[in-house]
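Enquirer: Pasting in a structure now, in structure tokens, and then I'll have a few things to ask.
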Amino acid sequence: MTFLNGKYRKPIARFWRLAAFFLGSIVLYLVAVYFNFFWLFGAMPDLREVENPESQVASEILSADGQLLSKFFIENRTPIEFDQLSPNVIKALIATEDARFVKHSGIDPRSLFRVFKGLLASDQETTGGGSTLTQQLAKNLFQIRKLDKYKGTLGDVPIVRTVISKTKEWILSVQLERNYTKQEIMMMYLNTVSFGNNAEGVKTAAKTYFKKEPWNLTVTEAALLVGMLQNPSRFNPRVFPERTLERRNTVLGQMTKYGFLTREEFVRNKVKPLGLNFFIENHNTGPAPYFRETLRDWMKDWLKKYNEENGTEYDLYTDGLRIYTTIDSRMQKYAEDAAQNHMREQQKIFDNYFKANNMNPWVIEKDNRYVEDPNFINRAVRRSYRYRELKKAYNGDVEKIWNVLRKPIKMRVFSYRGDRDTIMSPLDSIKYYNKILRIAMVSMDPRSGDVKAWVGGVNFKHFKFDQVYQGKRQPGSTFKPFVYCSALDRNFVTPCETIVDRQVCIGNWCPKNSTGGYSGQPLTLRQALAKSVNSISAHLMKMVGPGTVVDYAHKIGIQSPLPEKDVTICLGTPNVSVYEMVNSYCTFANGGKHVDPRFVTRIEDRNGRVLADFPVQEKEVISPSVAYQMLFIMRGAVEDPWGTAQRLRTQYGLSENNDIAAKTGTTSDYSDGWFMGMTPNLVTGVWVGAEDTHVHHTTMAYGQGARIAMPAWGQYMQALYKDADLAGHDKAPYRRERFDKPGGMEANLGCGGPRLDSTSTYVRPKITDDESILF
């Protein structure tokens with residue numbers, strides 16, 4: 001008491017008054033910031049506004065077999081739950097970033113004291129910062145949710161703004177700790193942090209650096225990712241592997257220090273390499289890129305309509321939608337592999353042929369032979385984007401433009417062995433790319449219209465144009481089944497009826513067969529279509545008229561406009577897409593019922609709420625009996641010895657216990673090669689040609705659809721039939737089987753003749769030179 005009443009009484013009282021004033025000022029400041037007195041500090045965000053920190057969540061594209069095909073994103077972020085995380089990541093994160101995470105309540109005074117002490121002592125050995133994981137999360141939330149918009153009047157002063165922001169982060173940290181469990185805070189943190197290389201969140205990082213799911217990460221992989229958090233650019237394992245390895249081992253050391261690893265485990269793991277399996281996910285990579293671009297446009301249109309009708313604001317790139325597609329990831333891979341293997345071989349044949357003939361493949365017909373088109377390159381250059389840009393830059397000065405185009409520069413070009421760095425002039429690059437053949441291939445289930453595989457070109461990175469959906473070319477003889485169907489359905493002919501192969505004229509138009517002549521022999525419809533005899537198609541067209549053929553083509557599935565008075569359409573002269581051709585052929589395989597093509601079955605929001613379902617839409621457009629007659633006729637292409645697709649049976653072995661109805665197609669100048677193949681459960685179409693129709697083969701031997709398109713179909717189906725889950729058992733969805741025959745119909749429609757399957761034996765008749773050239 002003497003001490004308190006003595007000479008120290010006033011200093012002690014002054015100290016307590018100052019302490020009370022200081023603490024009161026802090027409390028008043030915190031209250032002022034929290035309640036935004038006089039709008040000076042900016043409002044604190046509502047906790048509900050930040051409770052979903054993954055504000056920009058990628059929308060996921062899911063395959064029919066449950067695989068992630070790709071995402072639509074601005075930030076490539078996919079949140080996960082705590083139980084989807086490897087324990088190795090949890091241990092590495094706690095040991096490195098916040099060893100007292102489970103003990104503090106958002107702010108750790110001990111850590112702050114350690115940092116303050118280190119600063120006073122200039123201690124470079126100080127480990128860790130003063131921010132807890134919760135504080136780091138709060139900072140991330142402010143950045144991700146752009147909460148700096150709540151800056152208030154004083155927020156315009158840089159230093160003051162920093163102090164206010166830090167204060168808000170501390171307040172938000174305490175709020176987070178009071179409202180969420182430690183596990184939830186950790187997962188919010190791992191779902192928001194960036195790992196560089198467009199990898200936002202731990203799930204995307206695991207995919208990007210190791211092609212793994214986050215629950216499969218090993219100790220060293222988890223240590224590498226956690227080590228990157230300090231500075232993703234500085235510790236980028238692709239750019240700075242040695243520095244990253246050292247940082248990873250520092251994390252392993254921290255894990256050992258805090259008892260998550262034994263000394264022996266540390267020694268064993270620190271000598272391991274980085275073990276990267278790097279893959280940057282972007283719109284040019286991954287399966288089905290052409291399909292995904294079509295899906296992107298379709299989703300934009302659908303979302304616009306959905307938002308207008310429901311008063312919502314769903315965004316394709318930021319709202320984490322889940323888009324369930326009909327694509328089967330396995331079938332997509334088989335289709336892509338078949339297309340690549342086939343086109344690699346066809347490109348080699350194409351290049352070698354023209355090299356041997358000492359000419360470029362842009363040709364025109366002159367005096368009954370093909371010669372190089374002297375004006376092609378000039379036209380191609382003037383159509384190019386580069387020429388249009390140079391024209392603007394040089395005010396149309398043609399001489400300067402061509403000088404730039406002829407000057408060699410460094411560039412990276414496409415090749416089937418991977419992108420190739422070279423020195424080439426822009427003019428030469430235009431020539432180079434115009435020589436490259438393209439492919440389109442799409443596969444649909446005729447029972448539902450579901451698109452199972454979609455290959456729109458040889459390389460999406462270099463050739464963005466989708467030949468499946470955007471491209472429209474003359475289908476050649478693959479259009480003839482529409483002519484046959486209209487004649488059968490109108491009872492002008494029967495499947496067993498014979499028609500003599502002779503010249504048919506409609507007005508002044510007298511089409512020739514691919515042989516240049518006529519056999520004079522009577523042919524059944526099956527024989528005629530199997531041989532792709534033009535005179536028989538013209539005969540049927542003369543019977544039914546072009547308007548009827550157009551009506552049936554549209555009814556069966558063609559969407560493109562067709563000329564209703566042009567008789568030449570019976571030979572496939574109108575432009576149509578592979579997509580609509582395949583969908584049309586589905587009508588034949590589906591017993592006369594047309595099914596609308598479908599590539600999305602369901603769309604959900606990020607919480608799993610179903611926004612829309614897309615059921616199968618079908619309508620009977622021709623009778624089951626006519627559909628079966630068409631299948632019987634088109635089976636001749638594969639089963640009969642003169643069929644244009646007989647190699648599917650003899651070379652590819654696909655007709656064993658299996659019905660295949662098919663049609664090849666080739667345009668008159670060999671610009672387009674087509675193949676359409678149907679089984680009872682799958683319809684697949686293939687087109688091959690160059691981007692410009694003036695670039696093409698010059699002989700039927702190389703340019704026919706049976707040669708340039710059909711092998712891709714054969715390779716695809718071979719791979720499919722080797723897949724036990726897809727085709728290897730009685731309940732497999734795409735197993736080998738026979739077409740359903742309507743009741744009361746004979747298997748061969750009473751037409752007689754051999755049915756060729758795996759158990760049939762026959763002597764192939766001698767085929768003349770004319771007949772060996774197949775259209």
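Ligands are numbered from 1 in the order shown, chains are lettered A, B, ... in the order of the structure tokens, and residues start at 1 in each chain.
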If we count only C-alpha atoms, what is near Pro214 in chain A at a cut-off of 9 Å, once residues fewer than 3 positions away on the same chain are taken out, given as a list in words?

Expert: Ile80, Gln84, Leu85, Ser86, Val89, Val202, Lys203, Thr204, Ala205, Ala206, Lys207, Leu217 and Ala222 of chain A

Enquirer: Would you kindly return, as a PyMOL selection string, each protein, DNA or RNA residue with an atom no farther than 7 Å from any atom of range 67-70 of chain A, considering only C-alpha atoms and excluding same-chain residues fewer than 6 positions away?

Expert: chain A and resi 60-61+286-287+329

Enquirer: Produce a file of the selected residues containing N, CA and C atoms, as a tab-separated table (two decimals), in the first residue's frame.

Expert:
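And here is the file that came out, again-v3.tsv:
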chain	number	residue	atom	x	y	z
A	60	GLU	N	-17.92	-28.14	-65.51
A	60	GLU	CA	-17.32	-29.42	-65.90
A	60	GLU	C	-18.14	-30.09	-67.01
A	61	ILE	N	-17.41	-30.67	-67.96
A	61	ILE	CA	-18.03	-31.44	-69.05
A	61	ILE	C	-17.77	-32.90	-68.74
A	286	GLY	N	-6.90	-32.10	-74.50
A	286	GLY	CA	-7.92	-32.98	-73.95
A	286	GLY	C	-8.76	-33.62	-75.04
A	287	PRO	N	-9.61	-34.57	-74.65
A	287	PRO	CA	-10.43	-35.29	-75.63
A	287	PRO	C	-11.56	-34.43	-76.19
A	329	SER	N	-16.05	-41.59	-73.28
A	329	SER	CA	-14.62	-41.26	-73.35
A	329	SER	C	-13.82	-42.35	-74.03

Enquirer: Set out as JSON lines a contact list for range 617-690 of chain A and range 463-487 of chain A with a cut-off of 6 Å, giving each residue of range 617-690 of chain A that qualifies its closest atom pair and distance in Å to one decimal, counting only C-alpha atoms, ordered by chain and rising residue number.

Expert:
{"residue": "A:Lys663", "atom": "CA", "partner": "A:Thr478", "partner_atom": "CA", "distance": 5.6}
{"residue": "A:Thr664", "atom": "CA", "partner": "A:Thr478", "partner_atom": "CA", "distance": 5.9}
{"residue": "A:Gly665", "atom": "CA", "partner": "A:Ser477", "partner_atom": "CA", "distance": 4.3}
{"residue": "A:Thr666", "atom": "CA", "partner": "A:Gly476", "partner_atom": "CA", "distance": 5.1}
{"residue": "A:Thr667", "atom": "CA", "partner": "A:Gly476", "partner_atom": "CA", "distance": 4.8}

Enquirer: As JSON, numbers by chain, which residues of range 211-367 of chain A does DSSP assign to alpha helix (DSSP H)?

Expert: {"A": [219, 220, 221, 222, 223, 224, 225, 226, 227, 228, 241, 242, 243, 244, 245, 246, 247, 248, 249, 250, 251, 252, 253, 254, 255, 256, 257, 263, 264, 265, 266, 267, 268, 269, 270, 289, 290, 291, 292, 293, 294, 295, 296, 297, 298, 299, 300, 301, 302, 303, 304, 305, 306, 307, 308, 309, 310, 329, 330, 331, 332, 333, 334, 335, 336, 337, 338, 339, 340, 341, 342, 343, 344, 345, 346, 347, 348, 349, 350, 351, 352, 353, 354, 355, 356]}

Enquirer: To one decimal place in Å, what is the distance between CA of Pro374 in chain A and CA of Gly516 in chain A?

Expert: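 Answer for the CA of Pro374 in chain A to CA of Gly516 in chain A separation: 28.5 Å.
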
Enquirer: Using only C-alpha atoms, can you tell me which of A:Glu365, A:Glu313, A:Asp319, A:Asp83 comes closest to Asp669 in chain A?

Expert: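 Closest candidate: A:Glu365.
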
Enquirer: Wanna dump the range 371-477 of chain A-range 699-723 of chain A contacts at 10 Å for me, each residue with its shortest atom pair and the distance in Å to one decimal, counting only C-alpha atoms, ordered by chain and number, as a Markdown table?

Expert:
| residue | atom | partner | partner_atom | distance |
| --- | --- | --- | --- | --- |
| A:Ile439 | CA | A:Ala709 | CA | 8.3 |
| A:Ala440 | CA | A:Ala709 | CA | 9.4 |
| A:Met441 | CA | A:Trp713 | CA | 8.4 |
| A:Val442 | CA | A:Trp713 | CA | 10.0 |
| A:Ser443 | CA | A:Trp713 | CA | 9.8 |
| A:Gly476 | CA | A:Gly705 | CA | 9.3 |
| A:Ser477 | CA | A:Gly705 | CA | 9.4 |

Enquirer: One number please: CA of Asp98 in chain A to CA of Gln56 in chain A, in Å, one decimal.

Expert: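 Straight-line distance from CA of Asp98 in chain A to CA of Gln56 in chain A works out to 26.1 Å.
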
Enquirer: Between CA of Arg502 in chain A and CA of Pro641 in chain A, what is the distance, to one decimal in Å?

Expert: 21.7 Å

Enquirer: Residues at most 7 Å from Ile74 in chain A, counting only C-alpha atoms, excluding those fewer than 2 positions away in the same chain, as a ChimeraX atom specification?

Expert: /A:76,317-318

Enquirer: Using N, CA and C atoms, can you export the residues from the last selection as a short mmCIF file (atom, residue, chain, number, x, y, z; two decimals), in the first residue's frame?

Expert:
data_model
loop_
_atom_site.label_atom_id
_atom_site.label_comp_id
_atom_site.auth_asym_id
_atom_site.auth_seq_id
_atom_site.Cartn_x
_atom_site.Cartn_y
_atom_site.Cartn_z
N ASN A 76 -9.16 -21.92 -63.83
CA ASN A 76 -9.37 -23.37 -63.85
C ASN A 76 -9.41 -23.88 -62.42
N TYR A 317 -18.66 -19.90 -67.40
CA TYR A 317 -17.24 -19.98 -67.03
C TYR A 317 -16.97 -19.87 -65.54
N THR A 318 -17.93 -19.39 -64.77
CA THR A 318 -17.64 -19.10 -63.36
C THR A 318 -18.58 -19.75 -62.36
#

Enquirer: Identify which of the residues A:Met343, A:Met678, A:Val251, A:Val404 lies closest to Met424 in chain A, counting only C-alpha atoms when measuring atom-to-atom distances.

Expert: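 Of A:Met343, A:Met678, A:Val251, A:Val404, the one nearest Met424 in chain A, counting only C-alpha atoms, is A:Val404.
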
Enquirer: Give the answer as one residue: which of A:Ala662, A:Lys435, A:His283, A:Gly253 has the shortest atom-to-atom distance to Asn352 in chain A, using only C-alpha atoms?

Expert: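 Distance minimum relative to Asn352 in chain A lands on A:Lys435.
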
Enquirer: Within 10 Å of Leu190 in chain A, counting only C-alpha atoms, which residues show up once you throw out same-chain ones fewer than 2 positions away? Write them as a VMD selection string, please.

Expert: chain A and resid 79 to 82 85 89 to 90 93 133 137 184 to 188 192 to 195 200 to 203 226 229

Enquirer: Within 7 Å of range 406-413 of chain A, counting only C-alpha atoms, which residues qualify if same-chain residues fewer than 4 places away don't, as a PyMOL selection string?

Expert: chain A and resi 402+419-427

Enquirer: Write a file of the just-selected residues containing all heavy atoms, as a PDB file, in the first residue's frame.

Expert:
ATOM      1  N   TRP A 402       3.553  -8.615-100.866  1.00  0.00           N
ATOM      2  CA  TRP A 402       4.161  -9.851-101.348  1.00  0.00           C
ATOM      3  C   TRP A 402       5.613  -9.984-100.915  1.00  0.00           C
ATOM      4  O   TRP A 402       6.110 -11.099-100.695  1.00  0.00           O
ATOM      5  CB  TRP A 402       4.039  -9.945-102.869  1.00  0.00           C
ATOM      6  CG  TRP A 402       2.673 -10.394-103.278  1.00  0.00           C
ATOM      7  CD1 TRP A 402       1.606  -9.604-103.601  1.00  0.00           C
ATOM      8  CD2 TRP A 402       2.208 -11.733-103.368  1.00  0.00           C
ATOM      9  NE1 TRP A 402       0.499 -10.362-103.889  1.00  0.00           N
ATOM     10  CE2 TRP A 402       0.838 -11.677-103.772  1.00  0.00           C
ATOM     11  CE3 TRP A 402       2.794 -12.977-103.169  1.00  0.00           C
ATOM     12  CZ2 TRP A 402       0.067 -12.822-103.960  1.00  0.00           C
ATOM     13  CZ3 TRP A 402       2.036 -14.117-103.365  1.00  0.00           C
ATOM     14  CH2 TRP A 402       0.691 -14.036-103.751  1.00  0.00           C
ATOM     15  N   ASP A 419       4.310 -30.715 -83.272  1.00  0.00           N
ATOM     16  CA  ASP A 419       4.635 -29.396 -83.813  1.00  0.00           C
ATOM     17  C   ASP A 419       6.119 -29.303 -84.149  1.00  0.00           C
ATOM     18  O   ASP A 419       6.981 -29.775 -83.404  1.00  0.00           O
ATOM     19  CB  ASP A 419       4.269 -28.313 -82.801  1.00  0.00           C
ATOM     20  CG  ASP A 419       2.760 -28.147 -82.681  1.00  0.00           C
ATOM     21  OD1 ASP A 419       2.040 -28.835 -83.404  1.00  0.00           O
ATOM     22  OD2 ASP A 419       2.324 -27.339 -81.844  1.00  0.00           O
ATOM     23  N   ARG A 420       6.410 -28.665 -85.293  1.00  0.00           N
ATOM     24  CA  ARG A 420       7.783 -28.607 -85.791  1.00  0.00           C
ATOM     25  C   ARG A 420       8.223 -27.153 -85.926  1.00  0.00           C
ATOM     26  O   ARG A 420       7.541 -26.350 -86.560  1.00  0.00           O
ATOM     27  CB  ARG A 420       7.856 -29.318 -87.151  1.00  0.00           C
ATOM     28  CG  ARG A 420       9.200 -29.319 -87.801  1.00  0.00           C
ATOM     29  CD  ARG A 420       9.224 -30.311 -88.965  1.00  0.00           C
ATOM     30  NE  ARG A 420       8.259 -29.976 -89.989  1.00  0.00           N
ATOM     31  CZ  ARG A 420       8.527 -29.188 -91.046  1.00  0.00           C
ATOM     32  NH1 ARG A 420       9.735 -28.646 -91.178  1.00  0.00           N
ATOM     33  NH2 ARG A 420       7.599 -28.933 -91.948  1.00  0.00           N
ATOM     34  N   ASP A 421       9.352 -26.809 -85.299  1.00  0.00           N
ATOM     35  CA  ASP A 421       9.945 -25.479 -85.460  1.00  0.00           C
ATOM     36  C   ASP A 421      10.731 -25.441 -86.762  1.00  0.00           C
ATOM     37  O   ASP A 421      11.534 -26.336 -87.052  1.00  0.00           O
ATOM     38  CB  ASP A 421      10.866 -25.159 -84.279  1.00  0.00           C
ATOM     39  CG  ASP A 421      10.097 -24.970 -82.986  1.00  0.00           C
ATOM     40  OD1 ASP A 421       9.024 -24.350 -83.019  1.00  0.00           O
ATOM     41  OD2 ASP A 421      10.561 -25.468 -81.942  1.00  0.00           O
ATOM     42  N   THR A 422      10.500 -24.395 -87.538  1.00  0.00           N
ATOM     43  CA  THR A 422      11.158 -24.309 -88.835  1.00  0.00           C
ATOM     44  C   THR A 422      11.299 -22.851 -89.245  1.00  0.00           C
ATOM     45  O   THR A 422      10.800 -21.944 -88.561  1.00  0.00           O
ATOM     46  CB  THR A 422      10.339 -25.083 -89.901  1.00  0.00           C
ATOM     47  OG1 THR A 422      11.067 -25.103 -91.122  1.00  0.00           O
ATOM     48  CG2 THR A 422       8.984 -24.428 -90.121  1.00  0.00           C
ATOM     49  N   ILE A 423      11.986 -22.619 -90.335  1.00  0.00           N
ATOM     50  CA  ILE A 423      12.074 -21.293 -90.951  1.00  0.00           C
ATOM     51  C   ILE A 423      11.365 -21.393 -92.294  1.00  0.00           C
ATOM     52  O   ILE A 423      11.730 -22.201 -93.147  1.00  0.00           O
ATOM     53  CB  ILE A 423      13.540 -20.854 -91.134  1.00  0.00           C
ATOM     54  CG1 ILE A 423      14.204 -20.696 -89.767  1.00  0.00           C
ATOM     55  CG2 ILE A 423      13.606 -19.549 -91.909  1.00  0.00           C
ATOM     56  CD1 ILE A 423      15.673 -20.336 -89.843  1.00  0.00           C
ATOM     57  N   MET A 424      10.357 -20.588 -92.463  1.00  0.00           N
ATOM     58  CA  MET A 424       9.494 -20.693 -93.637  1.00  0.00           C
ATOM     59  C   MET A 424       8.862 -19.335 -93.890  1.00  0.00           C
ATOM     60  O   MET A 424       8.547 -18.597 -92.958  1.00  0.00           O
ATOM     61  CB  MET A 424       8.421 -21.758 -93.353  1.00  0.00           C
ATOM     62  CG  MET A 424       7.485 -22.074 -94.490  1.00  0.00           C
ATOM     63  SD  MET A 424       6.199 -23.273 -93.980  1.00  0.00           S
ATOM     64  CE  MET A 424       7.176 -24.752 -93.707  1.00  0.00           C
ATOM     65  N   SER A 425       8.679 -18.997 -95.138  1.00  0.00           N
ATOM     66  CA  SER A 425       7.988 -17.744 -95.452  1.00  0.00           C
ATOM     67  C   SER A 425       6.490 -17.925 -95.242  1.00  0.00           C
ATOM     68  O   SER A 425       5.970 -19.041 -95.357  1.00  0.00           O
ATOM     69  CB  SER A 425       8.264 -17.330 -96.898  1.00  0.00           C
ATOM     70  OG  SER A 425       7.582 -18.183 -97.792  1.00  0.00           O
ATOM     71  N   PRO A 426       5.780 -16.849 -94.946  1.00  0.00           N
ATOM     72  CA  PRO A 426       4.319 -16.958 -94.837  1.00  0.00           C
ATOM     73  C   PRO A 426       3.690 -17.529 -96.098  1.00  0.00           C
ATOM     74  O   PRO A 426       2.705 -18.274 -96.022  1.00  0.00           O
ATOM     75  CB  PRO A 426       3.881 -15.515 -94.581  1.00  0.00           C
ATOM     76  CG  PRO A 426       5.058 -14.878 -93.918  1.00  0.00           C
ATOM     77  CD  PRO A 426       6.256 -15.508 -94.569  1.00  0.00           C
ATOM     78  N   LEU A 427       4.257 -17.208 -97.261  1.00  0.00           N
ATOM     79  CA  LEU A 427       3.738 -17.762 -98.514  1.00  0.00           C
ATOM     80  C   LEU A 427       3.888 -19.279 -98.540  1.00  0.00           C
ATOM     81  O   LEU A 427       2.955 -20.005 -98.915  1.00  0.00           O
ATOM     82  CB  LEU A 427       4.476 -17.142 -99.698  1.00  0.00           C
ATOM     83  CG  LEU A 427       4.075 -17.637-101.090  1.00  0.00           C
ATOM     84  CD1 LEU A 427       2.611 -17.360-101.360  1.00  0.00           C
ATOM     85  CD2 LEU A 427       4.954 -16.987-102.160  1.00  0.00           C
TER      86      LEU A 427
END
